[in-house]
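Asker: The following file, target_21.txt, comprises compact mmCIF, C-alpha atoms and all ligand atoms:
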```txt
# COMPACT_ATOMS: atom_id res chain seq x y z
CA MET A 1 67.99 -221.55 149.88
CA ARG A 2 67.68 -218.78 147.34
CA HIS A 3 64.68 -217.45 149.16
CA ASP A 4 66.42 -217.62 152.47
CA GLY A 5 69.39 -215.79 151.01
CA ARG A 6 67.15 -213.01 149.79
CA SER A 7 65.29 -213.03 153.05
CA LEU A 8 68.55 -212.50 154.88
CA ALA A 9 69.29 -209.40 152.88
CA ARG A 10 65.73 -208.22 153.22
CA ALA A 11 65.62 -209.02 156.91
CA GLY A 12 68.74 -206.92 157.27
CA THR A 13 67.05 -203.92 155.75
CA ARG A 14 64.16 -204.29 158.20
CA LEU A 15 66.30 -204.47 161.32
CA THR A 16 66.35 -200.78 162.11
CA LEU A 17 62.56 -200.78 162.06
CA ILE A 18 62.20 -203.84 164.25
CA THR A 19 64.70 -202.76 166.88
CA SER A 20 62.76 -199.56 167.50
CA THR A 21 60.02 -201.68 169.09
CA THR A 22 59.98 -204.54 171.55
CA GLY A 23 60.74 -206.94 168.71
CA PRO A 24 63.80 -209.06 168.10
CA ARG A 25 67.29 -207.64 168.40
CA PRO A 26 70.20 -208.65 166.21
CA ALA A 27 71.71 -210.64 169.12
CA ASP A 28 68.63 -212.88 169.05
CA PHE A 29 69.16 -213.94 165.45
CA THR A 30 70.17 -217.55 165.28
CA ASP A 31 67.89 -218.57 162.45
CA VAL A 32 66.89 -216.33 159.60
CA ARG A 33 63.73 -218.29 158.94
CA ALA A 34 62.61 -218.06 162.58
CA THR A 35 63.27 -214.33 162.42
CA ASN A 36 61.25 -213.96 159.24
CA LEU A 37 58.43 -216.03 160.73
CA ALA A 38 58.44 -213.65 163.68
CA VAL A 39 58.40 -210.62 161.36
CA VAL A 40 55.34 -211.98 159.56
CA LEU A 41 53.62 -212.94 162.83
CA ARG A 42 54.12 -209.43 164.21
CA PHE A 43 52.88 -207.90 160.99
CA VAL A 44 49.71 -209.97 161.10
CA ARG A 45 49.10 -209.03 164.75
CA GLU A 46 49.47 -205.35 164.02
CA ASN A 47 47.65 -205.28 160.68
CA ALA A 48 45.11 -208.12 160.65
CA PRO A 49 43.15 -208.79 158.61
CA CYS A 50 45.82 -208.57 155.93
CA SER A 51 46.78 -210.46 152.80
CA ARG A 52 50.01 -212.19 151.80
CA ALA A 53 50.54 -209.36 149.29
CA ASP A 54 50.21 -206.79 152.10
CA ILE A 55 52.88 -208.63 154.07
CA ALA A 56 55.22 -208.79 151.10
CA ALA A 57 54.71 -205.11 150.26
CA SER A 58 55.34 -203.94 153.83
CA THR A 59 58.10 -206.25 155.02
CA GLY A 60 60.16 -206.33 151.83
CA LEU A 61 60.13 -210.15 151.84
CA ASN A 62 59.40 -211.58 148.39
CA LYS A 63 56.01 -213.14 147.67
CA ALA A 64 57.24 -216.75 147.46
CA THR A 65 59.00 -216.40 150.81
CA VAL A 66 55.89 -214.87 152.37
CA SER A 67 53.73 -217.74 151.05
CA SER A 68 56.12 -220.29 152.53
CA LEU A 69 56.30 -218.47 155.88
CA VAL A 70 52.51 -218.07 156.09
CA ALA A 71 52.04 -221.80 155.31
CA ASP A 72 54.38 -222.58 158.20
CA LEU A 73 52.51 -220.22 160.57
CA ILE A 74 49.17 -221.76 159.53
CA GLU A 75 50.53 -225.25 160.17
CA ARG A 76 51.66 -224.15 163.64
CA ARG A 77 48.15 -222.69 164.12
CA LEU A 78 49.56 -219.24 164.83
CA VAL A 79 47.77 -217.65 161.87
CA ARG A 80 44.56 -218.59 160.08
CA GLU A 81 42.84 -217.65 156.85
CA THR A 82 39.56 -215.82 157.02
CA GLY A 83 37.63 -215.72 153.75
CA LEU A 84 38.22 -213.44 150.80
CA THR A 85 37.97 -209.76 150.32
CA GLU A 86 37.16 -208.18 147.01
CA ASN A 87 37.55 -204.69 148.28
CA ARG A 88 40.74 -204.07 146.35
CA VAL A 89 42.12 -203.78 142.86
CA GLY A 90 42.84 -207.03 141.03
CA ARG A 91 42.14 -210.55 142.24
CA PRO A 92 40.38 -211.04 145.58
CA ALA A 93 42.89 -211.88 148.30
CA THR A 94 42.60 -214.37 151.15
CA MET A 95 42.88 -212.46 154.40
CA LEU A 96 44.91 -213.60 157.39
CA VAL A 97 44.34 -213.09 161.12
CA LEU A 98 46.11 -214.34 164.24
CA ASP A 99 45.05 -217.73 165.54
CA GLY A 100 47.11 -219.16 168.41
CA SER A 101 44.06 -220.78 170.02
CA PRO A 102 45.86 -224.05 170.92
CA TYR A 103 48.34 -222.11 173.07
CA ALA A 104 48.32 -220.04 176.23
CA ALA A 105 50.72 -217.53 177.77
CA ALA A 106 50.45 -217.05 181.52
CA GLY A 107 51.39 -214.40 184.06
CA ILE A 108 51.08 -214.47 187.85
CA GLU A 109 51.26 -211.34 189.99
CA VAL A 110 52.45 -211.65 193.60
CA ASN A 111 51.23 -208.90 195.85
CA VAL A 112 51.07 -208.12 199.55
CA ASP A 113 47.43 -209.13 199.70
CA GLY A 114 46.91 -211.64 196.91
CA LEU A 115 47.94 -213.54 193.83
CA THR A 116 46.45 -212.90 190.40
CA VAL A 117 46.84 -215.14 187.38
CA VAL A 118 46.01 -214.15 183.81
CA ALA A 119 46.30 -216.42 180.79
CA VAL A 120 45.84 -215.26 177.20
CA ASP A 121 45.83 -217.06 173.89
CA LEU A 122 48.32 -215.92 171.29
CA SER A 123 45.95 -213.34 169.88
CA GLY A 124 45.96 -211.72 173.33
CA ARG A 125 42.43 -212.77 174.26
CA GLN A 126 42.13 -213.44 178.00
CA VAL A 127 41.18 -217.07 178.56
CA LEU A 128 41.65 -217.16 182.34
CA THR A 129 41.69 -214.59 185.16
CA LEU A 130 41.77 -215.66 188.78
CA ARG A 131 42.50 -213.81 192.00
CA LYS A 132 43.38 -215.60 195.19
CA SER A 133 43.94 -214.02 198.59
CA PHE A 134 47.37 -214.66 199.97
CA PRO A 135 49.12 -213.15 203.01
CA GLY A 136 52.12 -211.75 201.13
CA ILE A 137 53.17 -209.95 204.28
CA GLY A 138 53.88 -212.48 206.96
CA ALA A 139 54.32 -215.42 204.61
CA SER A 140 57.84 -216.74 204.15
CA ALA A 141 59.33 -216.97 200.67
CA THR A 142 58.93 -220.77 200.90
CA GLN A 143 55.20 -220.42 201.61
CA ALA A 144 54.93 -217.93 198.75
CA VAL A 145 56.63 -220.33 196.33
CA ALA A 146 54.18 -223.08 197.37
CA ALA A 147 51.18 -220.76 196.86
CA VAL A 148 52.41 -219.54 193.45
CA ALA A 149 53.19 -223.12 192.39
CA ALA A 150 49.69 -224.26 193.40
CA LEU A 151 48.14 -221.48 191.33
CA ALA A 152 50.43 -222.25 188.37
CA ARG A 153 49.47 -225.94 188.56
CA ARG A 154 45.79 -225.04 188.60
CA THR A 155 46.31 -222.79 185.58
CA VAL A 156 48.19 -225.44 183.60
CA ASN A 157 45.54 -228.08 184.40
CA ARG A 158 42.80 -225.73 183.27
CA MET A 159 44.65 -224.93 180.03
CA VAL A 160 45.27 -228.63 179.35
CA ARG A 161 41.54 -229.33 179.83
CA GLU A 162 40.89 -226.63 177.21
CA GLU A 163 43.45 -228.31 174.94
CA ARG A 164 45.88 -225.44 175.13
CA ARG A 165 49.62 -225.78 175.59
CA VAL A 166 51.19 -223.31 178.04
CA LEU A 167 54.16 -221.69 176.31
CA GLY A 168 55.54 -219.74 179.23
CA LEU A 169 54.90 -218.30 182.69
CA VAL A 170 56.24 -214.97 183.91
CA VAL A 171 55.80 -214.06 187.58
CA ALA A 172 55.54 -210.40 188.64
CA VAL A 173 57.10 -209.47 191.98
CA PRO A 174 57.03 -206.06 193.69
CA GLY A 175 60.76 -205.75 194.22
CA LEU A 176 64.23 -205.59 192.72
CA VAL A 177 64.62 -208.38 190.19
CA GLY A 178 68.09 -208.77 188.67
CA VAL A 179 68.58 -209.18 184.94
CA GLU A 180 69.23 -212.89 185.64
CA GLY A 181 65.74 -213.18 187.22
CA ARG A 182 66.64 -213.46 190.93
CA VAL A 183 64.53 -211.44 193.35
CA ARG A 184 67.24 -209.46 195.14
CA PHE A 185 64.99 -207.59 197.53
CA ALA A 186 61.23 -207.19 197.87
CA PRO A 187 60.81 -204.90 200.91
CA ASN A 188 57.02 -205.14 201.20
CA LEU A 189 57.14 -208.96 201.07
CA ASP A 190 60.32 -209.10 203.19
CA TRP A 191 62.06 -211.29 200.61
CA HIS A 192 65.83 -211.25 200.31
CA ASP A 193 67.64 -212.99 197.46
CA VAL A 194 64.95 -215.47 196.39
CA ASP A 195 65.57 -217.53 193.23
CA LEU A 196 61.84 -217.73 192.56
CA ALA A 197 62.08 -219.04 188.97
CA HIS A 198 64.33 -221.91 190.02
CA ASP A 199 62.24 -222.76 193.11
CA LEU A 200 59.02 -222.66 191.08
CA ALA A 201 60.46 -224.89 188.36
CA ALA A 202 61.43 -227.39 191.07
CA ALA A 203 57.97 -227.19 192.69
CA LEU A 204 56.37 -227.77 189.27
CA ARG A 205 58.84 -230.63 188.53
CA ASP A 206 60.60 -228.86 185.64
CA PRO A 207 57.69 -228.15 183.32
CA GLU A 208 58.32 -227.99 179.59
CA PHE A 209 57.54 -224.26 179.45
CA PRO A 210 60.00 -221.59 180.63
CA ILE A 211 59.37 -219.76 183.93
CA GLN A 212 60.70 -216.27 184.42
CA VAL A 213 60.42 -213.57 187.05
CA ASP A 214 60.25 -209.82 186.53
CA ASN A 215 59.47 -206.64 188.40
CA ASP A 216 55.74 -205.86 188.64
CA ALA A 217 56.04 -202.31 187.30
CA ASN A 218 58.02 -203.50 184.28
CA LEU A 219 55.32 -206.03 183.48
CA GLY A 220 52.54 -203.47 184.06
CA ALA A 221 54.29 -201.27 181.48
CA LEU A 222 54.50 -204.15 179.00
CA ALA A 223 50.77 -204.82 179.51
CA GLU A 224 49.94 -201.16 178.84
CA HIS A 225 52.23 -201.12 175.83
CA ARG A 226 50.55 -204.16 174.27
CA PHE A 227 46.95 -203.90 175.44
CA GLY A 228 46.33 -200.40 176.83
CA PRO A 229 44.82 -197.37 175.08
CA TYR A 230 48.28 -195.74 175.04
CA GLY A 231 49.79 -198.86 173.47
CA GLY A 232 50.71 -196.93 170.35
CA ALA A 233 52.86 -194.59 172.40
CA GLY A 234 56.54 -195.47 172.14
CA ASN A 235 57.27 -193.65 175.39
CA LEU A 236 55.16 -194.37 178.44
CA VAL A 237 55.55 -195.02 182.14
CA TYR A 238 53.38 -197.30 184.26
CA LEU A 239 53.22 -196.51 188.00
CA THR A 240 52.17 -199.28 190.38
CA GLY A 241 49.75 -198.03 192.99
CA GLU A 242 50.33 -200.65 195.64
CA VAL A 243 52.00 -200.40 199.01
CA GLY A 244 55.09 -199.73 196.92
CA VAL A 245 55.34 -197.31 194.01
CA GLY A 246 57.38 -198.63 191.11
CA ALA A 247 57.79 -197.28 187.59
CA GLY A 248 57.87 -199.47 184.49
CA VAL A 249 59.45 -197.37 181.76
CA ILE A 250 59.06 -197.84 178.01
CA VAL A 251 61.46 -195.65 176.03
CA ASP A 252 61.39 -195.61 172.23
CA GLY A 253 59.24 -198.74 172.29
CA ARG A 254 61.50 -200.78 174.58
CA LEU A 255 61.42 -201.55 178.28
CA LEU A 256 64.19 -199.70 180.12
CA ARG A 257 65.97 -202.06 182.51
CA GLY A 258 69.27 -200.40 183.41
CA GLY A 259 72.62 -202.05 184.06
CA GLN A 260 71.51 -204.61 186.65
CA GLY A 261 67.76 -204.52 186.04
CA PHE A 262 66.98 -202.10 188.86
CA SER A 263 65.71 -199.06 186.93
CA GLY A 264 62.37 -197.43 187.67
CA GLU A 265 62.55 -197.18 191.48
CA LEU A 266 60.74 -193.86 191.38
CA GLY A 267 59.13 -194.72 194.74
CA HIS A 268 62.47 -194.17 196.44
CA VAL A 269 63.23 -190.77 194.96
CA GLN A 270 63.05 -188.24 197.78
CA VAL A 271 60.29 -185.69 197.20
CA ASP A 272 60.12 -184.25 200.73
CA PRO A 273 63.27 -184.14 202.90
CA ALA A 274 61.07 -183.54 205.95
CA GLY A 275 58.67 -186.32 204.97
CA PRO A 276 57.86 -189.55 206.79
CA ARG A 277 60.24 -192.52 206.95
CA CYS A 278 59.92 -194.93 204.03
CA GLY A 279 59.89 -198.73 204.23
CA CYS A 280 63.43 -198.56 202.81
CA GLY A 281 64.61 -196.60 205.85
CA ARG A 282 65.10 -193.25 204.09
CA LEU A 283 63.08 -190.09 204.64
CA GLY A 284 60.41 -188.60 202.36
CA CYS A 285 60.58 -191.07 199.48
CA LEU A 286 57.71 -190.71 196.98
CA GLU A 287 56.35 -194.06 198.18
CA ALA A 288 56.23 -192.85 201.80
CA VAL A 289 54.51 -189.61 200.76
CA ALA A 290 52.17 -190.77 197.98
CA GLY A 291 51.98 -194.58 198.08
CA ILE A 292 48.76 -196.31 199.09
CA GLY A 293 50.18 -196.80 202.60
CA ALA A 294 50.58 -193.03 202.80
CA VAL A 295 46.96 -192.50 201.73
CA PHE A 296 45.77 -194.58 204.67
CA GLY A 297 48.36 -193.13 207.00
CA ARG A 298 46.77 -189.74 206.37
CA PHE A 299 43.27 -191.02 207.11
CA SER A 300 44.17 -193.02 210.18
CA GLU A 301 46.41 -190.50 211.94
CA GLY A 302 46.21 -191.28 215.63
CA GLY A 303 44.20 -194.41 214.88
CA PRO A 304 45.37 -197.95 214.22
CA ALA A 305 47.51 -198.47 211.13
CA VAL A 306 45.62 -199.97 208.20
CA SER A 307 46.78 -203.41 207.22
CA PRO A 308 47.77 -203.65 203.55
CA ALA A 309 45.74 -206.86 203.48
CA VAL A 310 42.51 -204.87 203.76
CA VAL A 311 43.38 -202.19 201.25
CA ALA A 312 40.44 -202.71 198.87
CA PRO A 313 37.56 -202.04 201.34
CA GLU A 314 39.47 -199.07 202.72
CA ILE A 315 39.85 -197.63 199.22
CA ASP A 316 36.10 -198.02 198.70
CA GLU A 317 35.52 -195.95 201.82
CA VAL A 318 37.90 -193.20 200.63
CA VAL A 319 36.11 -193.14 197.26
CA ARG A 320 32.73 -192.90 199.00
CA LEU A 321 33.90 -189.93 201.10
CA ALA A 322 35.43 -188.20 198.05
CA ARG A 323 32.23 -188.66 196.04
CA ALA A 324 30.24 -187.22 198.93
CA GLY A 325 32.48 -184.13 198.75
CA ASP A 326 34.05 -184.64 202.19
CA ARG A 327 36.45 -181.70 202.41
CA ALA A 328 39.11 -183.38 204.54
CA THR A 329 39.19 -186.36 202.16
CA LEU A 330 39.42 -184.13 199.07
CA ALA A 331 42.25 -182.13 200.66
CA VAL A 332 44.26 -185.28 201.46
CA LEU A 333 43.77 -186.66 197.93
CA ALA A 334 44.76 -183.33 196.34
CA ASP A 335 47.86 -183.25 198.53
CA ILE A 336 48.83 -186.80 197.61
CA GLY A 337 48.09 -186.05 193.94
CA GLY A 338 50.46 -183.08 194.20
CA SER A 339 53.23 -185.31 195.55
CA LEU A 340 52.58 -187.76 192.76
CA GLY A 341 52.92 -184.82 190.35
CA LYS A 342 56.44 -184.17 191.71
CA GLY A 343 57.32 -187.74 190.76
CA VAL A 344 55.71 -187.35 187.34
CA ALA A 345 57.70 -184.13 186.76
CA ILE A 346 60.94 -186.06 187.34
CA LEU A 347 59.82 -188.55 184.70
CA ALA A 348 58.68 -185.79 182.33
CA ASN A 349 61.99 -183.91 182.63
CA LEU A 350 64.13 -187.04 182.22
CA LEU A 351 62.16 -189.14 179.74
CA ASN A 352 59.46 -186.97 178.11
CA PRO A 353 56.86 -189.80 178.12
CA GLN A 354 53.61 -189.36 176.21
CA ALA A 355 51.68 -190.83 179.14
CA VAL A 356 52.12 -191.80 182.77
CA VAL A 357 49.60 -194.53 183.53
CA LEU A 358 48.48 -194.90 187.16
CA GLY A 359 47.82 -198.54 188.05
CA GLY A 360 46.64 -200.69 190.96
CA HIS A 361 44.89 -198.91 193.83
CA TYR A 362 45.50 -195.52 192.23
CA VAL A 363 42.86 -196.32 189.62
CA PRO A 364 39.71 -195.77 191.75
CA LEU A 365 41.32 -192.65 193.29
CA ALA A 366 42.49 -191.26 189.94
CA PRO A 367 39.63 -188.75 189.42
CA TRP A 368 40.83 -186.89 192.54
CA LEU A 369 44.59 -187.51 192.21
CA ILE A 370 45.08 -186.59 188.55
CA PRO A 371 44.06 -182.88 188.52
CA ALA A 372 46.51 -182.04 191.34
CA ALA A 373 49.20 -184.30 189.86
CA GLU A 374 48.91 -182.67 186.42
CA ALA A 375 49.02 -179.15 187.85
CA GLU A 376 52.15 -179.96 189.89
CA ALA A 377 53.83 -181.76 186.99
CA ARG A 378 53.23 -178.80 184.66
CA VAL A 379 54.79 -176.35 187.13
CA ARG A 380 57.88 -178.53 187.66
CA THR A 381 58.58 -179.58 184.07
CA ILE A 382 60.70 -177.24 181.96
CA ALA A 383 59.00 -178.23 178.69
CA PRO A 384 55.66 -176.47 178.11
CA ASP A 385 52.59 -178.46 179.17
CA ALA A 386 54.81 -181.08 180.87
CA GLY A 387 56.18 -182.03 177.45
CA GLY A 388 52.73 -183.25 176.40
CA CYS A 389 52.73 -185.89 179.14
CA ARG A 390 49.22 -187.04 180.08
CA ILE A 391 48.49 -188.65 183.44
CA VAL A 392 45.83 -191.32 183.00
CA ALA A 393 44.31 -194.19 184.97
CA SER A 394 44.99 -197.71 183.79
CA THR A 395 42.05 -199.47 182.18
CA LEU A 396 43.57 -202.93 182.64
CA GLY A 397 42.35 -203.55 186.19
CA TYR A 398 44.16 -205.01 189.18
CA GLY A 399 45.84 -207.85 187.27
CA ALA A 400 47.84 -205.54 184.96
CA ALA A 401 51.22 -206.98 185.99
CA ALA A 402 49.93 -210.55 185.56
CA LEU A 403 48.65 -209.59 182.12
CA GLY A 404 52.07 -208.07 181.46
CA GLY A 405 53.67 -211.41 182.37
CA ALA A 406 51.54 -213.06 179.71
CA ALA A 407 52.45 -210.22 177.30
CA ARG A 408 56.12 -210.92 177.90
CA VAL A 409 55.61 -214.55 176.88
CA LEU A 410 53.95 -213.27 173.68
CA ASP A 411 56.95 -210.98 173.12
CA PHE A 412 59.31 -213.97 173.30
CA ILE A 413 57.23 -215.80 170.74
CA GLU A 414 57.08 -212.80 168.44
CA SER A 415 60.85 -212.37 168.72
CA GLY A 416 61.29 -215.72 167.00
CA ARG A 417 60.95 -218.38 169.70
CA LEU A 418 57.93 -219.91 168.01
CA PRO A 419 56.21 -223.00 169.36
CA THR A 420 56.70 -226.23 167.45
CA ARG A 421 53.73 -227.65 165.57
CA PRO A 422 50.87 -228.71 167.88
ZN ZN A 501 62.23 -195.42 200.13
```
As structure tokens - that is how I would like this structure written.
Answerer:
Amino acid sequence: MRHDGRSLARAGTRLTLITSTTGPRPADFTDVRATNLAVVLRFVRENAPCSRADIAASTGLNKATVSSLVADLIERRLVRETGLTENRVGRPATMLVLDGSPYAAAGIEVNVDGLTVVAVDLSGRQVLTLRKSFPGIGASATQAVAAVAALARRTVNRMVREERRVLGLVVAVPGLVGVEGRVRFAPNLDWHDVDLAHDLAAALRDPEFPIQVDNDANLGALAEHRFGPYGGAGNLVYLTGEVGVGAGVIVDGRLLRGGQGFSGELGHVQVDPAGPRCGCGRLGCLEAVAGIGAVFGRFSEGGPAVSPAVVAPEIDEVVRLARAGDRATLAVLADIGGSLGKGVAILANLLNPQAVVLGGHYVPLAPWLIPAAEAEARVRTIAPDAGGCRIVASTLGYGAAALGGAARVLDFIESGRLPTRP
């Protein structure tokens, strides 16, 4: 108990540090030991390979407590020892790295043209990535639940065959998801008030792992924050480049949700009062002017509308024309990049992010969108050089939101909800 008592005091001194990241908040503290285990687990993730002495020196926990906590983490197979290092003063120390191989964290991304699942082990290594076509537009919410449940079942079966236990599933949806996890409105899927987490749990016959639902942009931002090259940035915004444009916002290391969970709807900020009508019914929203639908609208003027279900081959064609230097194509992309820059300027003026990461279908178009977007953002931001905000393409691929779902499961674990011993 003496150790725990000290740990409590020590843990208290560390709180201000922890709360500045996506780590545990004081409201989460129900068990000091679980909290301290989480502190050590996070330290190992961020500093591996590291020794017990490194952990003690940096966290303020005493050495005996650290030894006890590390023994517990090793027993749970969350951390493992990896040889000795003599590259330090004094006795050689046994180094520690993350393990977590008997576990998996899963995320599924629902989109207008497909479902993507990503599973990672607890060290963040991807152990499964699958994409399945799915008519998000035109399918009812009931059909969508059945399709997501089938993919979740397949994922769980695969993980079980690999002797991994699934610790959680987070589903990414392009729409308004309330803080309680209900999908209030997903315009591009035509979903209204769908309790996806509850319906999925029923379809999967109440699995032992938790199922949660979140907005796709939020999860894309979490993926960038944990796995992307700008992960060290405490302030970044992820923009989905799908039919919809959503912003996942990380401020001071934490995801910004707002009062009811509806923050980040940058796609519905009006950037052109004389612009085209948006899917939401308003005029000149960023999404209507610079979303992927708008890109195709500009190329198919007078022709048949492009179905969102065939976005990928159409994007390839736009890229081919841009590479060939087709002037009309370059002009349209520069124009759309400029509109995107207006949206980025709003973010830069309000939030001063270090980076705005373009995701989804924006990625292949980024070489032509970014120069115009950066120029426009610089002109419209009061801080010099857009407050240092860089506009970059995501390197995480099309499943970024699914990866973010898995990242959110890892966040839960690192905030103290550790798995029991395998
Ligand atoms: Zn709108």
Asker: Pick out the closest residue to Gly246 (chain A) from this set: A:Arg320, A:Lys132, A:Arg80, A:His268. Count all atoms listed in the file.
Answerer: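 The shortest atom-to-atom distance to Gly246 (chain A) comes from A:His268.
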Asker: Quote the spacing between CA of Pro353 (chain A) and CA of Gly228 (chain A) in Å to one decimal place.
Answerer: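 Interatomic distance, CA of Pro353 (chain A) to CA of Gly228 (chain A): 15.0 Å.
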Asker: Could you tell me, counting all atoms listed in the file, which protein and nucleic acid residues lie no more than 7 Å from ligand ZN 501 (chain A), written as a compact mmCIF listing (two decimals) with C-alpha atoms, in the frame of the given file?
Answerer:
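Result went into part.txt, see below:
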```
# COMPACT_ATOMS: atom_id res chain seq x y z
CA GLY A 267 59.13 -194.72 194.74
CA HIS A 268 62.47 -194.17 196.44
CA CYS A 278 59.92 -194.93 204.03
CA GLY A 279 59.89 -198.73 204.23
CA CYS A 280 63.43 -198.56 202.81
CA GLY A 281 64.61 -196.60 205.85
CA ARG A 282 65.10 -193.25 204.09
CA CYS A 285 60.58 -191.07 199.48
CA GLU A 287 56.35 -194.06 198.18
CA ALA A 288 56.23 -192.85 201.80
```
Asker: Could you tell me which of A:Leu96, A:Val213, A:Val245, A:Val160 comes closest to Val179 (chain A) if we count all atoms listed in the file?
Answerer: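 Ranked by minimum distance to Val179 (chain A), first place goes to A:Val213.
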Asker: At most 10 Å from (51.4, -211.0, 197.6), file frame, all atoms listed in the file: which residues, as a ChimeraX atom specification?
Answerer: /A:109-116,132-139,144,147-148,172-174,188-189,309
Asker: Find the spatial neighbours of Ala406 (chain A), counting all atoms listed in the file, within a cut-off of 10 Å - ignore same-chain residues fewer than 4 positions away - and output them as a list in words.
Answerer: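 Those residues are Ala104, Ala105, Ala106, Gly107, Ile108, Val117, Val118, Ala119, Val120, Asp121, Leu122, Gly124, Gln126, Leu167, Gly168, Leu169, Val170, Val171, Leu219, Leu222, Ala223, Ala400, Ala401, Ala402, Leu410 and Asp411 of chain A.
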Asker: Give me the residues near Ala93 (chain A) as a PDB file with C-alpha atoms, in the frame of the given file, where near means some atom within 8 Å (using only C-alpha atoms) and where sequence neighbours in that chain fewer than 3 positions away do not count.
Answerer:
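Contents of part04.pdb, freshly written:
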```
ATOM      1  CA  SER A  51      46.780-210.460 152.800  1.00  0.00           C
ATOM      2  CA  ARG A  52      50.010-212.190 151.800  1.00  0.00           C
ATOM      3  CA  LEU A  84      38.220-213.440 150.800  1.00  0.00           C
ATOM      4  CA  THR A  85      37.970-209.760 150.320  1.00  0.00           C
ATOM      5  CA  GLU A  86      37.160-208.180 147.010  1.00  0.00           C
TER       6      GLU A  86
END
```
Asker: Could you check which residues have any atom within 12 Å of (52.5, -218.1, 149.5), counting all atoms listed in the file with coordinates taken straight from the file, and then list them as number ranges by chain?
Answerer: A: 51-56, 61-74, 93-94, 96
Asker: For region 247-262 of chain A, which lacks atoms in the input, supply N, CA and C atoms and format the output as a tab-separated table (two decimals), in the frame of the given file.
Answerer:
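Just written: part.tsv:
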```tsv
chain	number	residue	atom	x	y	z
A	247	ALA	N	58.03	-197.79	188.94
A	247	ALA	CA	57.79	-197.28	187.59
A	247	ALA	C	58.31	-198.28	186.57
A	248	GLY	N	57.45	-198.68	185.65
A	248	GLY	CA	57.87	-199.47	184.49
A	248	GLY	C	57.99	-198.49	183.34
A	249	VAL	N	59.15	-198.44	182.72
A	249	VAL	CA	59.45	-197.37	181.76
A	249	VAL	C	59.66	-197.95	180.36
A	250	ILE	N	58.85	-197.48	179.42
A	250	ILE	CA	59.06	-197.84	178.01
A	250	ILE	C	59.63	-196.61	177.31
A	251	VAL	N	60.81	-196.74	176.75
A	251	VAL	CA	61.46	-195.65	176.03
A	251	VAL	C	61.69	-196.10	174.59
A	252	ASP	N	61.24	-195.28	173.66
A	252	ASP	CA	61.39	-195.61	172.23
A	252	ASP	C	60.94	-197.04	171.95
A	253	GLY	N	59.84	-197.45	172.57
A	253	GLY	CA	59.24	-198.74	172.29
A	253	GLY	C	59.85	-199.92	173.03
A	254	ARG	N	60.86	-199.67	173.86
A	254	ARG	CA	61.50	-200.78	174.58
A	254	ARG	C	61.47	-200.54	176.08
A	255	LEU	N	61.39	-201.65	176.83
A	255	LEU	CA	61.42	-201.55	178.28
A	255	LEU	C	62.83	-201.15	178.72
A	256	LEU	N	62.90	-200.16	179.59
A	256	LEU	CA	64.19	-199.70	180.12
A	256	LEU	C	64.51	-200.51	181.37
A	257	ARG	N	65.64	-201.21	181.36
A	257	ARG	CA	65.97	-202.06	182.51
A	257	ARG	C	67.14	-201.52	183.34
A	258	GLY	N	68.08	-200.85	182.69
A	258	GLY	CA	69.27	-200.40	183.41
A	258	GLY	C	70.32	-201.51	183.49
A	259	GLY	N	71.46	-201.17	184.08
A	259	GLY	CA	72.62	-202.05	184.06
A	259	GLY	C	72.37	-203.39	184.74
A	260	GLN	N	71.73	-203.37	185.91
A	260	GLN	CA	71.51	-204.61	186.65
A	260	GLN	C	70.03	-204.97	186.74
A	261	GLY	N	69.19	-204.21	186.04
A	261	GLY	CA	67.76	-204.52	186.04
A	261	GLY	C	66.98	-203.74	187.09
A	262	PHE	N	67.61	-202.76	187.72
A	262	PHE	CA	66.98	-202.10	188.86
A	262	PHE	C	66.45	-200.70	188.54
```
